[in-house]
Amino acid sequence: MLGLSASGPLYRNLVKREVRQRYKGSFLGLGWTLLNPLILVAAYSVVFKFLFGSPIANYALFMFVGLIGWTLFYGGISEAATSLVSNSSLVTKVRFPREIIPLATMTANAVISGAMLIIAIPLCLLLGTGSKITLVALPAFLLLTLGATVGIGLILSAVNVYFRDVAHILAAIGTPLFFLTPIFYTYDSLPSAASSHQVLIDILHWGNPISPYVITIQDTLFFGRWPTLADTLYCVIAAVVFLLIGFVSFRRMEREMAVEL
């Protein structure tokens, strides 16, 4: 931890570089942070709300809130997975705590979720029909989501140094996992034909590590209700476990990274 503290300036510079590089040379710059999810929301709203008749009120806003959790979690681990390989020249030439690189990448990705959150909060306060007091729990669940993201991101970034297939696997499962995460629907709003398969729904709920985090963010921000005890316990325990495994695994695999890169 002391090494991480001493490398604070390097971490901050890496975060700034990551943010700049994402939008360097583009006309809209940081505006793409919001334009991309808004385009997704518009397209999928037509499909799921108007064609399939989703019963969820304020559907576009519901989906936008779900995308915040998805972007923070899956966007973070995807960016982290390739971060060490992309910065191989830095890893092999300079001695510093290597976890700073994936941490900086995930922090830069969190800026996107933060920008989306700034838009979502006033809209949910204005259009939401549930309690507003649940917003006090939102920061806690965002931190838990970030904790799980950091833990998994550290594991994937280290493993990808030795097995470059990790990045390809993440790219392959990204789209299926996107639709299997309750971003476009809630488990309560599924058609009767689907809701009758409770075992499958439980697998989608608890077997997909992203689902409970997206659900708790939706509950506290969009629906204005307290997350269930089961979802809350899952988020807390999973975040702690992922963080512990992530840092321990990364430190063990760090020793030979420079040689592999």
# chains A, B, ... in the order shown; residues from 1 in each chain; ligands from 1
$ closest_atom_pairs --of "region 6-92 of chain A" --to "region 125-141 of chain A" --cutoff "12 Å" --atoms "only C-alpha atoms" --output "Markdown table"
| residue | atom | partner | partner_atom | distance |
| --- | --- | --- | --- | --- |
| A:Ile56 | CA | A:Gly128 | CA | 11.9 |
| A:Ala57 | CA | A:Gly128 | CA | 9.3 |
| A:Asn58 | CA | A:Leu127 | CA | 7.6 |
| A:Tyr59 | CA | A:Leu127 | CA | 11.0 |
| A:Ala60 | CA | A:Leu127 | CA | 11.4 |
| A:Leu61 | CA | A:Leu127 | CA | 8.9 |
| A:Phe62 | CA | A:Gly128 | CA | 9.8 |
| A:Val65 | CA | A:Leu138 | CA | 11.8 |
| A:Gly69 | CA | A:Phe141 | CA | 9.8 |
| A:Leu72 | CA | A:Phe141 | CA | 11.7 |
| A:Phe73 | CA | A:Phe141 | CA | 12.0 |
$ select_by_dssp --residues "region 163-244 of chain A" --states "helix (DSSP H, G or I)" --output "PyMOL selection string"
chain A and resi 165-180+187-189+192-195+198-207+211-223+229-244
$ atom_distance --atom1 "CA of Ser88 (chain A)" --atom2 "CA of Gly246 (chain A)"
20.1 Å
$ atom_distance --atom1 "CA of Thr71 (chain A)" --atom2 "CA of Ser113 (chain A)"
6.2 Å
$ closest_residue --among "A:Leu142, A:Cys235, A:Ala230, A:Leu14" --to "Thr105 (chain A)" --atoms "only C-alpha atoms"
A:Leu14
$ closest_residue --among "A:Ile155, A:Thr232, A:Lys49, A:Tyr185" --to "Val248 (chain A)" --atoms "only C-alpha atoms"
A:Ile155
$ atom_distance --atom1 "CA of Trp70 (chain A)" --atom2 "CA of Met253 (chain A)"
27.5 Å
$ decode --residues "region 192-241 of chain A" --atoms "N, CA and C atoms" --output "compact mmCIF listing (two decimals), in the first residue's frame"
# COMPACT_ATOMS: atom_id res chain seq x y z
N SER A 192 -44.90 -14.20 -19.05
CA SER A 192 -45.25 -15.37 -18.23
C SER A 192 -44.51 -16.62 -18.68
N ALA A 193 -44.27 -16.76 -19.99
CA ALA A 193 -43.56 -17.94 -20.49
C ALA A 193 -42.15 -18.01 -19.93
N ALA A 194 -41.51 -16.84 -19.78
CA ALA A 194 -40.15 -16.80 -19.25
C ALA A 194 -40.14 -16.88 -17.73
N SER A 195 -41.08 -16.18 -17.11
CA SER A 195 -41.10 -16.14 -15.64
C SER A 195 -41.43 -17.48 -15.02
N SER A 196 -41.98 -18.41 -15.82
CA SER A 196 -42.28 -19.74 -15.28
C SER A 196 -41.02 -20.57 -15.08
N HIS A 197 -39.93 -20.17 -15.70
CA HIS A 197 -38.66 -20.89 -15.56
C HIS A 197 -37.84 -20.22 -14.45
N GLN A 198 -38.25 -20.40 -13.21
CA GLN A 198 -37.63 -19.72 -12.09
C GLN A 198 -36.18 -20.12 -11.89
N VAL A 199 -35.85 -21.36 -12.16
CA VAL A 199 -34.46 -21.82 -11.99
C VAL A 199 -33.54 -21.07 -12.93
N LEU A 200 -33.98 -20.89 -14.18
CA LEU A 200 -33.17 -20.16 -15.15
C LEU A 200 -33.02 -18.71 -14.74
N ILE A 201 -34.10 -18.10 -14.23
CA ILE A 201 -34.03 -16.72 -13.78
C ILE A 201 -33.05 -16.57 -12.62
N ASP A 202 -33.09 -17.54 -11.70
CA ASP A 202 -32.15 -17.51 -10.57
C ASP A 202 -30.70 -17.61 -11.05
N ILE A 203 -30.48 -18.43 -12.07
CA ILE A 203 -29.12 -18.55 -12.63
C ILE A 203 -28.68 -17.23 -13.25
N LEU A 204 -29.59 -16.59 -14.00
CA LEU A 204 -29.27 -15.30 -14.61
C LEU A 204 -29.03 -14.22 -13.56
N HIS A 205 -29.78 -14.31 -12.47
CA HIS A 205 -29.67 -13.32 -11.40
C HIS A 205 -28.38 -13.48 -10.61
N TRP A 206 -28.13 -14.68 -10.12
CA TRP A 206 -27.00 -14.90 -9.21
C TRP A 206 -25.75 -15.42 -9.92
N GLY A 207 -25.91 -16.02 -11.08
CA GLY A 207 -24.75 -16.53 -11.80
C GLY A 207 -24.02 -15.47 -12.60
N ASN A 208 -24.71 -14.39 -12.90
CA ASN A 208 -24.10 -13.26 -13.61
C ASN A 208 -23.67 -12.24 -12.57
N PRO A 209 -22.37 -12.08 -12.32
CA PRO A 209 -21.93 -11.19 -11.23
C PRO A 209 -22.31 -9.73 -11.43
N ILE A 210 -22.67 -9.35 -12.64
CA ILE A 210 -23.03 -7.95 -12.89
C ILE A 210 -24.47 -7.67 -12.45
N SER A 211 -25.33 -8.67 -12.55
CA SER A 211 -26.77 -8.46 -12.33
C SER A 211 -27.11 -7.83 -10.99
N PRO A 212 -26.65 -8.37 -9.84
CA PRO A 212 -27.03 -7.75 -8.56
C PRO A 212 -26.58 -6.30 -8.43
N TYR A 213 -25.46 -5.96 -9.03
CA TYR A 213 -24.98 -4.57 -8.94
C TYR A 213 -25.85 -3.65 -9.78
N VAL A 214 -26.22 -4.08 -10.98
CA VAL A 214 -27.12 -3.28 -11.81
C VAL A 214 -28.48 -3.12 -11.13
N ILE A 215 -28.97 -4.20 -10.54
CA ILE A 215 -30.29 -4.18 -9.89
C ILE A 215 -30.30 -3.22 -8.70
N THR A 216 -29.25 -3.25 -7.88
CA THR A 216 -29.23 -2.36 -6.70
C THR A 216 -29.13 -0.89 -7.10
N ILE A 217 -28.43 -0.61 -8.18
CA ILE A 217 -28.35 0.76 -8.68
C ILE A 217 -29.72 1.20 -9.22
N GLN A 218 -30.38 0.31 -9.95
CA GLN A 218 -31.73 0.61 -10.45
C GLN A 218 -32.71 0.83 -9.29
N ASP A 219 -32.62 -0.01 -8.27
CA ASP A 219 -33.54 0.10 -7.14
C ASP A 219 -33.40 1.44 -6.43
N THR A 220 -32.17 1.80 -6.10
CA THR A 220 -31.95 3.01 -5.31
C THR A 220 -32.13 4.29 -6.11
N LEU A 221 -31.79 4.24 -7.41
CA LEU A 221 -31.83 5.46 -8.22
C LEU A 221 -33.13 5.60 -9.00
N PHE A 222 -33.54 4.55 -9.70
CA PHE A 222 -34.70 4.66 -10.58
C PHE A 222 -36.02 4.34 -9.88
N PHE A 223 -36.09 3.19 -9.22
CA PHE A 223 -37.34 2.75 -8.63
C PHE A 223 -37.63 3.41 -7.28
N GLY A 224 -36.62 3.95 -6.63
CA GLY A 224 -36.83 4.57 -5.33
C GLY A 224 -37.27 3.58 -4.28
N ARG A 225 -36.60 2.43 -4.24
CA ARG A 225 -36.90 1.42 -3.24
C ARG A 225 -35.59 0.83 -2.72
N TRP A 226 -35.66 0.26 -1.54
CA TRP A 226 -34.46 -0.33 -0.95
C TRP A 226 -34.18 -1.67 -1.61
N PRO A 227 -32.94 -1.94 -1.97
CA PRO A 227 -32.60 -3.25 -2.54
C PRO A 227 -32.90 -4.38 -1.55
N THR A 228 -33.15 -5.55 -2.06
CA THR A 228 -33.43 -6.69 -1.18
C THR A 228 -32.19 -7.04 -0.37
N LEU A 229 -32.41 -7.72 0.74
CA LEU A 229 -31.30 -8.13 1.58
C LEU A 229 -30.38 -9.08 0.83
N ALA A 230 -30.96 -9.96 0.01
CA ALA A 230 -30.15 -10.92 -0.74
C ALA A 230 -29.21 -10.22 -1.71
N ASP A 231 -29.74 -9.23 -2.46
CA ASP A 231 -28.90 -8.48 -3.40
C ASP A 231 -27.83 -7.69 -2.67
N THR A 232 -28.20 -7.10 -1.54
CA THR A 232 -27.25 -6.31 -0.76
C THR A 232 -26.11 -7.17 -0.24
N LEU A 233 -26.44 -8.31 0.33
CA LEU A 233 -25.41 -9.21 0.85
C LEU A 233 -24.51 -9.72 -0.27
N TYR A 234 -25.12 -10.03 -1.41
CA TYR A 234 -24.33 -10.48 -2.56
C TYR A 234 -23.32 -9.42 -2.96
N CYS A 235 -23.79 -8.18 -3.08
CA CYS A 235 -22.90 -7.09 -3.52
C CYS A 235 -21.75 -6.87 -2.53
N VAL A 236 -22.04 -6.92 -1.24
CA VAL A 236 -21.01 -6.69 -0.23
C VAL A 236 -20.00 -7.84 -0.24
N ILE A 237 -20.48 -9.06 -0.15
CA ILE A 237 -19.58 -10.22 -0.07
C ILE A 237 -18.77 -10.38 -1.34
N ALA A 238 -19.43 -10.25 -2.49
CA ALA A 238 -18.72 -10.41 -3.76
C ALA A 238 -17.65 -9.34 -3.93
N ALA A 239 -17.95 -8.09 -3.56
CA ALA A 239 -16.96 -7.01 -3.71
C ALA A 239 -15.73 -7.28 -2.85
N VAL A 240 -15.95 -7.70 -1.60
CA VAL A 240 -14.82 -8.00 -0.70
C VAL A 240 -14.00 -9.17 -1.23
N VAL A 241 -14.68 -10.23 -1.65
CA VAL A 241 -13.98 -11.41 -2.16
C VAL A 241 -13.20 -11.09 -3.42
